[in-house]
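S.K.: Next comes the structure file target-v2.tsv, holding TSV, N, CA and C atoms.
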```
chain	number	residue	atom	x	y	z
A	307	MET	N	-40.04	7.06	-84.85
A	307	MET	CA	-40.10	8.22	-83.99
A	307	MET	C	-40.38	9.45	-84.86
A	308	ALA	N	-41.41	10.19	-84.55
A	308	ALA	CA	-41.78	11.38	-85.31
A	308	ALA	C	-40.95	12.57	-84.85
A	309	GLN	N	-40.60	13.42	-85.81
A	309	GLN	CA	-39.85	14.62	-85.49
A	309	GLN	C	-40.80	15.80	-85.42
A	310	ALA	N	-40.39	16.83	-84.68
A	310	ALA	CA	-41.21	18.03	-84.57
A	310	ALA	C	-41.24	18.74	-85.92
A	311	PRO	N	-42.33	19.42	-86.25
A	311	PRO	CA	-42.38	20.14	-87.52
A	311	PRO	C	-41.36	21.28	-87.53
A	312	PRO	N	-40.85	21.64	-88.70
A	312	PRO	CA	-39.85	22.70	-88.77
A	312	PRO	C	-40.43	24.05	-88.35
A	313	SER	N	-39.58	24.89	-87.78
A	313	SER	CA	-40.04	26.21	-87.34
A	313	SER	C	-40.24	27.11	-88.56
A	314	ALA	N	-40.78	28.30	-88.32
A	314	ALA	CA	-41.13	29.22	-89.40
A	314	ALA	C	-39.90	29.74	-90.14
A	315	ASN	N	-38.74	29.71	-89.52
A	315	ASN	CA	-37.55	30.23	-90.19
A	315	ASN	C	-36.66	29.11	-90.75
A	316	THR	N	-37.25	27.96	-91.05
A	316	THR	CA	-36.50	26.82	-91.57
A	316	THR	C	-36.87	26.56	-93.02
A	317	VAL	N	-35.84	26.32	-93.84
A	317	VAL	CA	-36.04	25.94	-95.24
A	317	VAL	C	-35.52	24.51	-95.39
A	318	LEU	N	-36.41	23.59	-95.77
A	318	LEU	CA	-36.04	22.19	-95.98
A	318	LEU	C	-35.77	21.98	-97.47
A	319	VAL	N	-34.56	21.59	-97.80
A	319	VAL	CA	-34.16	21.43	-99.20
A	319	VAL	C	-34.38	19.99	-99.62
A	320	GLY	N	-35.00	19.82	-100.80
A	320	GLY	CA	-35.30	18.49	-101.31
A	320	GLY	C	-35.10	18.40	-102.80
A	321	LYS	N	-36.14	17.98	-103.53
A	321	LYS	CA	-36.02	17.68	-104.96
A	321	LYS	C	-36.38	18.84	-105.89
A	322	LYS	N	-36.88	19.92	-105.37
A	322	LYS	CA	-37.29	21.04	-106.22
A	322	LYS	C	-36.07	21.77	-106.79
A	323	PRO	N	-36.27	22.61	-107.80
A	323	PRO	CA	-35.14	23.38	-108.35
A	323	PRO	C	-34.54	24.33	-107.31
A	324	VAL	N	-33.25	24.63	-107.48
A	324	VAL	CA	-32.51	25.46	-106.53
A	324	VAL	C	-33.17	26.82	-106.33
A	325	MET	N	-33.67	27.42	-107.40
A	325	MET	CA	-34.22	28.77	-107.29
A	325	MET	C	-35.47	28.81	-106.41
A	326	ASN	N	-36.17	27.71	-106.24
A	326	ASN	CA	-37.30	27.68	-105.31
A	326	ASN	C	-36.83	27.94	-103.88
A	327	TYR	N	-35.70	27.35	-103.52
A	327	TYR	CA	-35.16	27.53	-102.17
A	327	TYR	C	-34.54	28.91	-101.99
A	328	VAL	N	-33.95	29.44	-103.06
A	328	VAL	CA	-33.43	30.81	-103.03
A	328	VAL	C	-34.59	31.77	-102.77
A	329	LEU	N	-35.69	31.59	-103.48
A	329	LEU	CA	-36.87	32.44	-103.30
A	329	LEU	C	-37.43	32.32	-101.89
A	330	ALA	N	-37.45	31.11	-101.35
A	330	ALA	CA	-37.94	30.91	-99.98
A	330	ALA	C	-37.07	31.67	-98.98
A	331	MET	N	-35.75	31.62	-99.15
A	331	MET	CA	-34.85	32.35	-98.24
A	331	MET	C	-35.01	33.85	-98.38
A	332	LEU	N	-35.09	34.34	-99.62
A	332	LEU	CA	-35.26	35.78	-99.82
A	332	LEU	C	-36.58	36.27	-99.25
A	333	THR	N	-37.63	35.47	-99.38
A	333	THR	CA	-38.94	35.84	-98.83
A	333	THR	C	-38.87	35.95	-97.31
A	334	LEU	N	-38.23	34.98	-96.66
A	334	LEU	CA	-38.10	35.04	-95.20
A	334	LEU	C	-37.29	36.26	-94.77
A	335	LEU	N	-36.19	36.53	-95.46
A	335	LEU	CA	-35.36	37.68	-95.10
A	335	LEU	C	-36.11	39.00	-95.30
A	336	ASN	N	-36.91	39.09	-96.36
A	336	ASN	CA	-37.69	40.30	-96.61
A	336	ASN	C	-38.84	40.47	-95.63
A	337	GLN	N	-39.28	39.38	-94.99
A	337	GLN	CA	-40.34	39.46	-93.99
A	337	GLN	C	-39.80	39.87	-92.63
A	338	GLY	N	-38.49	40.06	-92.52
A	338	GLY	CA	-37.91	40.52	-91.27
A	338	GLY	C	-37.25	39.45	-90.43
A	339	VAL	N	-37.17	38.23	-90.93
A	339	VAL	CA	-36.49	37.17	-90.19
A	339	VAL	C	-34.99	37.43	-90.23
A	340	ASN	N	-34.33	37.39	-89.07
A	340	ASN	CA	-32.89	37.68	-89.02
A	340	ASN	C	-32.02	36.45	-89.22
A	341	GLU	N	-32.55	35.26	-88.91
A	341	GLU	CA	-31.78	34.02	-89.06
A	341	GLU	C	-32.64	32.95	-89.74
A	342	ILE	N	-32.03	32.23	-90.67
A	342	ILE	CA	-32.70	31.15	-91.38
A	342	ILE	C	-31.89	29.88	-91.19
A	343	VAL	N	-32.57	28.78	-90.93
A	343	VAL	CA	-31.92	27.47	-90.84
A	343	VAL	C	-32.25	26.72	-92.12
A	344	VAL	N	-31.21	26.32	-92.85
A	344	VAL	CA	-31.38	25.55	-94.08
A	344	VAL	C	-30.97	24.11	-93.77
A	345	LYS	N	-31.90	23.17	-94.00
A	345	LYS	CA	-31.64	21.76	-93.68
A	345	LYS	C	-31.73	20.93	-94.95
A	346	ALA	N	-30.83	19.93	-95.06
A	346	ALA	CA	-30.85	19.03	-96.21
A	346	ALA	C	-30.27	17.68	-95.81
A	347	ARG	N	-30.63	16.65	-96.60
A	347	ARG	CA	-30.11	15.30	-96.39
A	347	ARG	C	-29.64	14.73	-97.73
A	348	GLY	N	-28.62	13.89	-97.67
A	348	GLY	CA	-28.18	13.14	-98.85
A	348	GLY	C	-27.77	14.01	-100.02
A	349	ARG	N	-28.31	13.68	-101.20
A	349	ARG	CA	-27.95	14.40	-102.42
A	349	ARG	C	-28.39	15.85	-102.42
A	350	ALA	N	-29.33	16.22	-101.58
A	350	ALA	CA	-29.83	17.59	-101.53
A	350	ALA	C	-28.86	18.54	-100.82
A	351	ILE	N	-27.82	18.00	-100.18
A	351	ILE	CA	-26.87	18.86	-99.47
A	351	ILE	C	-26.20	19.84	-100.43
A	352	SER	N	-25.79	19.38	-101.60
A	352	SER	CA	-25.14	20.28	-102.56
A	352	SER	C	-26.12	21.34	-103.06
A	353	LYS	N	-27.39	20.99	-103.18
A	353	LYS	CA	-28.40	21.95	-103.60
A	353	LYS	C	-28.60	23.03	-102.53
A	354	ALA	N	-28.55	22.64	-101.26
A	354	ALA	CA	-28.67	23.61	-100.16
A	354	ALA	C	-27.51	24.59	-100.18
A	355	VAL	N	-26.30	24.07	-100.37
A	355	VAL	CA	-25.12	24.94	-100.42
A	355	VAL	C	-25.21	25.88	-101.62
A	356	ASP	N	-25.64	25.36	-102.78
A	356	ASP	CA	-25.81	26.20	-103.97
A	356	ASP	C	-26.80	27.33	-103.71
A	357	ALA	N	-27.93	27.02	-103.08
A	357	ALA	CA	-28.95	28.04	-102.82
A	357	ALA	C	-28.40	29.13	-101.91
A	358	ILE	N	-27.67	28.75	-100.88
A	358	ILE	CA	-27.11	29.74	-99.96
A	358	ILE	C	-26.08	30.61	-100.67
A	359	GLU	N	-25.24	30.00	-101.49
A	359	GLU	CA	-24.23	30.77	-102.22
A	359	GLU	C	-24.87	31.73	-103.22
A	360	ILE	N	-25.96	31.34	-103.84
A	360	ILE	CA	-26.67	32.24	-104.76
A	360	ILE	C	-27.21	33.44	-104.00
A	361	VAL	N	-27.81	33.20	-102.83
A	361	VAL	CA	-28.32	34.31	-102.02
A	361	VAL	C	-27.18	35.22	-101.57
A	362	ARG	N	-26.09	34.63	-101.08
A	362	ARG	CA	-24.96	35.41	-100.56
A	362	ARG	C	-24.26	36.23	-101.63
A	363	ASN	N	-24.07	35.65	-102.82
A	363	ASN	CA	-23.23	36.29	-103.83
A	363	ASN	C	-24.00	37.05	-104.91
A	364	ARG	N	-25.20	36.62	-105.25
A	364	ARG	CA	-25.91	37.26	-106.34
A	364	ARG	C	-26.99	38.23	-105.86
A	365	PHE	N	-27.81	37.80	-104.90
A	365	PHE	CA	-28.96	38.61	-104.51
A	365	PHE	C	-28.66	39.56	-103.35
A	366	LEU	N	-27.92	39.13	-102.36
A	366	LEU	CA	-27.65	39.98	-101.19
A	366	LEU	C	-26.16	39.98	-100.86
A	367	PRO	N	-25.31	40.44	-101.79
A	367	PRO	CA	-23.87	40.41	-101.51
A	367	PRO	C	-23.51	41.31	-100.33
A	368	GLY	N	-22.80	40.74	-99.37
A	368	GLY	CA	-22.35	41.50	-98.21
A	368	GLY	C	-23.41	41.72	-97.14
A	369	LYS	N	-24.61	41.21	-97.34
A	369	LYS	CA	-25.70	41.46	-96.38
A	369	LYS	C	-26.06	40.24	-95.53
A	370	VAL	N	-25.63	39.06	-95.94
A	370	VAL	CA	-25.89	37.85	-95.15
A	370	VAL	C	-24.59	37.07	-94.97
A	371	GLU	N	-24.55	36.27	-93.91
A	371	GLU	CA	-23.37	35.46	-93.63
A	371	GLU	C	-23.79	34.12	-93.06
A	372	VAL	N	-22.91	33.15	-93.20
A	372	VAL	CA	-23.13	31.83	-92.62
A	372	VAL	C	-22.61	31.87	-91.19
A	373	LYS	N	-23.50	31.65	-90.22
A	373	LYS	CA	-23.13	31.71	-88.81
A	373	LYS	C	-22.66	30.37	-88.27
A	374	ASP	N	-23.32	29.28	-88.68
A	374	ASP	CA	-23.02	27.98	-88.09
A	374	ASP	C	-23.35	26.87	-89.09
A	375	ILE	N	-22.59	25.80	-89.04
A	375	ILE	CA	-22.85	24.62	-89.88
A	375	ILE	C	-22.78	23.39	-88.98
A	376	LYS	N	-23.83	22.58	-89.02
A	376	LYS	CA	-23.85	21.32	-88.27
A	376	LYS	C	-24.00	20.18	-89.27
A	377	ILE	N	-23.14	19.18	-89.14
A	377	ILE	CA	-23.24	18.01	-90.01
A	377	ILE	C	-23.46	16.77	-89.16
A	378	GLY	N	-24.07	15.78	-89.76
A	378	GLY	CA	-24.33	14.54	-89.04
A	378	GLY	C	-24.84	13.48	-90.00
A	379	SER	N	-25.41	12.42	-89.44
A	379	SER	CA	-25.99	11.38	-90.27
A	379	SER	C	-27.19	10.78	-89.55
A	380	GLN	N	-28.10	10.23	-90.34
A	380	GLN	CA	-29.28	9.57	-89.82
A	380	GLN	C	-29.32	8.15	-90.37
A	381	THR	N	-29.87	7.25	-89.59
A	381	THR	CA	-30.06	5.88	-90.05
A	381	THR	C	-31.47	5.75	-90.58
A	382	ILE	N	-31.58	5.35	-91.83
A	382	ILE	CA	-32.87	5.22	-92.50
A	382	ILE	C	-33.14	3.73	-92.73
A	383	THR	N	-34.35	3.28	-92.42
A	383	THR	CA	-34.75	1.90	-92.69
A	383	THR	C	-35.60	1.88	-93.95
A	384	SER	N	-35.17	1.12	-94.95
A	384	SER	CA	-35.90	1.04	-96.21
A	384	SER	C	-37.11	0.11	-96.06
A	385	SER	N	-37.93	0.05	-97.09
A	385	SER	CA	-39.15	-0.75	-97.03
A	385	SER	C	-38.86	-2.25	-96.92
A	386	ASP	N	-37.69	-2.68	-97.39
A	386	ASP	CA	-37.34	-4.10	-97.27
A	386	ASP	C	-36.56	-4.43	-96.00
A	387	GLY	N	-36.46	-3.46	-95.09
A	387	GLY	CA	-35.86	-3.70	-93.78
A	387	GLY	C	-34.37	-3.40	-93.67
A	388	ARG	N	-33.73	-3.04	-94.78
A	388	ARG	CA	-32.30	-2.72	-94.71
A	388	ARG	C	-32.10	-1.33	-94.13
A	389	GLN	N	-31.00	-1.16	-93.42
A	389	GLN	CA	-30.69	0.15	-92.85
A	389	GLN	C	-29.53	0.77	-93.62
A	390	SER	N	-29.63	2.08	-93.84
A	390	SER	CA	-28.54	2.80	-94.48
A	390	SER	C	-28.39	4.15	-93.80
A	391	ARG	N	-27.20	4.70	-93.91
A	391	ARG	CA	-26.93	5.99	-93.30
A	391	ARG	C	-27.02	7.08	-94.37
A	392	VAL	N	-27.63	8.21	-93.98
A	392	VAL	CA	-27.77	9.35	-94.87
A	392	VAL	C	-27.16	10.56	-94.17
A	393	SER	N	-26.29	11.27	-94.88
A	393	SER	CA	-25.67	12.46	-94.32
A	393	SER	C	-26.69	13.59	-94.21
A	394	THR	N	-26.52	14.43	-93.18
A	394	THR	CA	-27.41	15.58	-92.98
A	394	THR	C	-26.57	16.83	-92.75
A	395	ILE	N	-27.17	17.98	-93.04
A	395	ILE	CA	-26.51	19.26	-92.79
A	395	ILE	C	-27.55	20.28	-92.37
A	396	GLU	N	-27.18	21.15	-91.44
A	396	GLU	CA	-27.98	22.30	-91.04
A	396	GLU	C	-27.07	23.52	-91.12
A	397	ILE	N	-27.48	24.51	-91.87
A	397	ILE	CA	-26.68	25.72	-92.05
A	397	ILE	C	-27.49	26.90	-91.54
A	398	LEU	N	-26.91	27.67	-90.64
A	398	LEU	CA	-27.55	28.86	-90.09
A	398	LEU	C	-27.06	30.07	-90.86
A	399	VAL	N	-27.97	30.75	-91.55
A	399	VAL	CA	-27.67	31.94	-92.33
A	399	VAL	C	-28.31	33.13	-91.62
A	400	ALA	N	-27.54	34.21	-91.44
A	400	ALA	CA	-28.05	35.37	-90.71
A	400	ALA	C	-27.75	36.66	-91.46
A	401	LYS	N	-28.60	37.66	-91.25
A	401	LYS	CA	-28.34	38.99	-91.77
A	401	LYS	C	-27.15	39.58	-91.03
A	402	LYS	N	-26.32	40.31	-91.75
A	402	LYS	CA	-25.21	41.01	-91.09
A	402	LYS	C	-25.77	42.24	-90.40
A	403	GLU	N	-25.23	42.54	-89.25
A	403	GLU	CA	-25.69	43.70	-88.47
A	403	GLU	C	-25.11	44.98	-89.02
```
With the file now loaded, output its structure as structure tokens.
M.R.:
Amino acid sequence: MAQAPPSANTVLVGKKPVMNYVLAMLTLLNQGVNEIVVKARGRAISKAVDAIEIVRNRFLPGKVEVKDIKIGSQTITSSDGRQSRVSTIEILVAKKE
């Protein structure tokens, strides 16, 4: 089943260095986006949290906040047919009013 492509205010965290995702979030916020959705799966969850904390504490202290956190899991089928569960997270980060 194919998923819809991510919206313009979504940052998908994967294998790249943390600062790439920090830069992506800062770019969106500077373009006038008020809310950003940060999504990650598996081992990338800690990288997503690190990126958000860097934005909140180092680059924009007191100017952004975490509005919502959704956690879940997905079932992934490997190439040899085995199924495994992968944890997922979606974090909504918003500018403070």
S.K.: Calculate how many Å separate atom CA of A:Val339 from atom CA of A:Val324, rounding to one decimal.
M.R.: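 Rounded to one decimal, the two atoms are 20.5 Å apart.
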S.K.: Could you write out, as a PyMOL selection string, all the residues of stretch 317-368 of chain A that DSSP marks as strand (DSSP E or B)?
M.R.: chain A and resi 317-318+341-347
S.K.: What is the atom CA of A:Gly368 to atom N of A:Val344 distance in Å?
M.R.: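 That distance, rounded to one decimal, is 18.4 Å.
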S.K.: Please indicate the distance in Å from atom C of A:Val343 to atom C of A:Thr383, rounded to one decimal place.
M.R.: 25.1 Å
S.K.: Which residues of stretch 320-378 of chain A come within 9 Å of stretch 384-400 of chain A, and for each one, what is the closest pair of atoms and their distance in Å to one decimal, counting only C-alpha atoms, sorted by chain and residue number, as JSON lines?
M.R.:
```
{"residue": "A:Leu335", "atom": "CA", "partner": "A:Ala400", "partner_atom": "CA", "distance": 8.8}
{"residue": "A:Val339", "atom": "CA", "partner": "A:Ala400", "partner_atom": "CA", "distance": 8.6}
{"residue": "A:Asn340", "atom": "CA", "partner": "A:Ala400", "partner_atom": "CA", "distance": 5.6}
{"residue": "A:Glu341", "atom": "CA", "partner": "A:Ala400", "partner_atom": "CA", "distance": 4.3}
{"residue": "A:Ile342", "atom": "CA", "partner": "A:Val399", "partner_atom": "CA", "distance": 5.2}
{"residue": "A:Val343", "atom": "CA", "partner": "A:Leu398", "partner_atom": "CA", "distance": 4.6}
{"residue": "A:Val344", "atom": "CA", "partner": "A:Ile397", "partner_atom": "CA", "distance": 5.1}
{"residue": "A:Lys345", "atom": "CA", "partner": "A:Glu396", "partner_atom": "CA", "distance": 4.5}
{"residue": "A:Ala346", "atom": "CA", "partner": "A:Ile395", "partner_atom": "CA", "distance": 5.5}
{"residue": "A:Arg347", "atom": "CA", "partner": "A:Thr394", "partner_atom": "CA", "distance": 4.4}
{"residue": "A:Gly348", "atom": "CA", "partner": "A:Ser393", "partner_atom": "CA", "distance": 5.2}
{"residue": "A:Arg349", "atom": "CA", "partner": "A:Ser393", "partner_atom": "CA", "distance": 8.6}
{"residue": "A:Ile351", "atom": "CA", "partner": "A:Ile395", "partner_atom": "CA", "distance": 6.7}
{"residue": "A:Ala354", "atom": "CA", "partner": "A:Ile397", "partner_atom": "CA", "distance": 8.6}
{"residue": "A:Val355", "atom": "CA", "partner": "A:Ile397", "partner_atom": "CA", "distance": 8.5}
{"residue": "A:Ile358", "atom": "CA", "partner": "A:Val399", "partner_atom": "CA", "distance": 8.0}
{"residue": "A:Lys369", "atom": "CA", "partner": "A:Ala400", "partner_atom": "CA", "distance": 8.6}
{"residue": "A:Val370", "atom": "CA", "partner": "A:Ala400", "partner_atom": "CA", "distance": 5.5}
{"residue": "A:Glu371", "atom": "CA", "partner": "A:Ala400", "partner_atom": "CA", "distance": 5.5}
{"residue": "A:Val372", "atom": "CA", "partner": "A:Val399", "partner_atom": "CA", "distance": 4.6}
{"residue": "A:Lys373", "atom": "CA", "partner": "A:Leu398", "partner_atom": "CA", "distance": 5.4}
{"residue": "A:Asp374", "atom": "CA", "partner": "A:Leu398", "partner_atom": "CA", "distance": 5.0}
{"residue": "A:Ile375", "atom": "CA", "partner": "A:Ile397", "partner_atom": "CA", "distance": 4.5}
{"residue": "A:Lys376", "atom": "CA", "partner": "A:Glu396", "partner_atom": "CA", "distance": 5.1}
{"residue": "A:Ile377", "atom": "CA", "partner": "A:Ile395", "partner_atom": "CA", "distance": 4.5}
{"residue": "A:Gly378", "atom": "CA", "partner": "A:Thr394", "partner_atom": "CA", "distance": 5.1}
```
S.K.: My list of candidates is A:Ala314, A:Gly338, A:Ser379, A:Met331. Which is closest to A:Val361 when distances are computed with only N, CA and C atoms?
M.R.: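 For A:Val361, the nearest of the given residues is A:Met331.
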S.K.: Looking at all atoms listed in the file, which of A:Ile382, A:Ala350, A:Ala357, A:Leu366 is the one that sits closest to A:Tyr327?
M.R.: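 Comparing A:Ile382, A:Ala350, A:Ala357, A:Leu366 against A:Tyr327, the winner is A:Ala357.
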S.K.: Let me have the centre and edge lengths of the axis-aligned box enclosing all listed atoms of stretch 382-395 of chain A with 6 Å padding on every side, in Å to one decimal, as JSON.
M.R.:
```
{"center_x": -32.4, "center_y": 7.9, "center_z": -94.6, "size_x": 25.5, "size_y": 36.7, "size_z": 17.6}
```
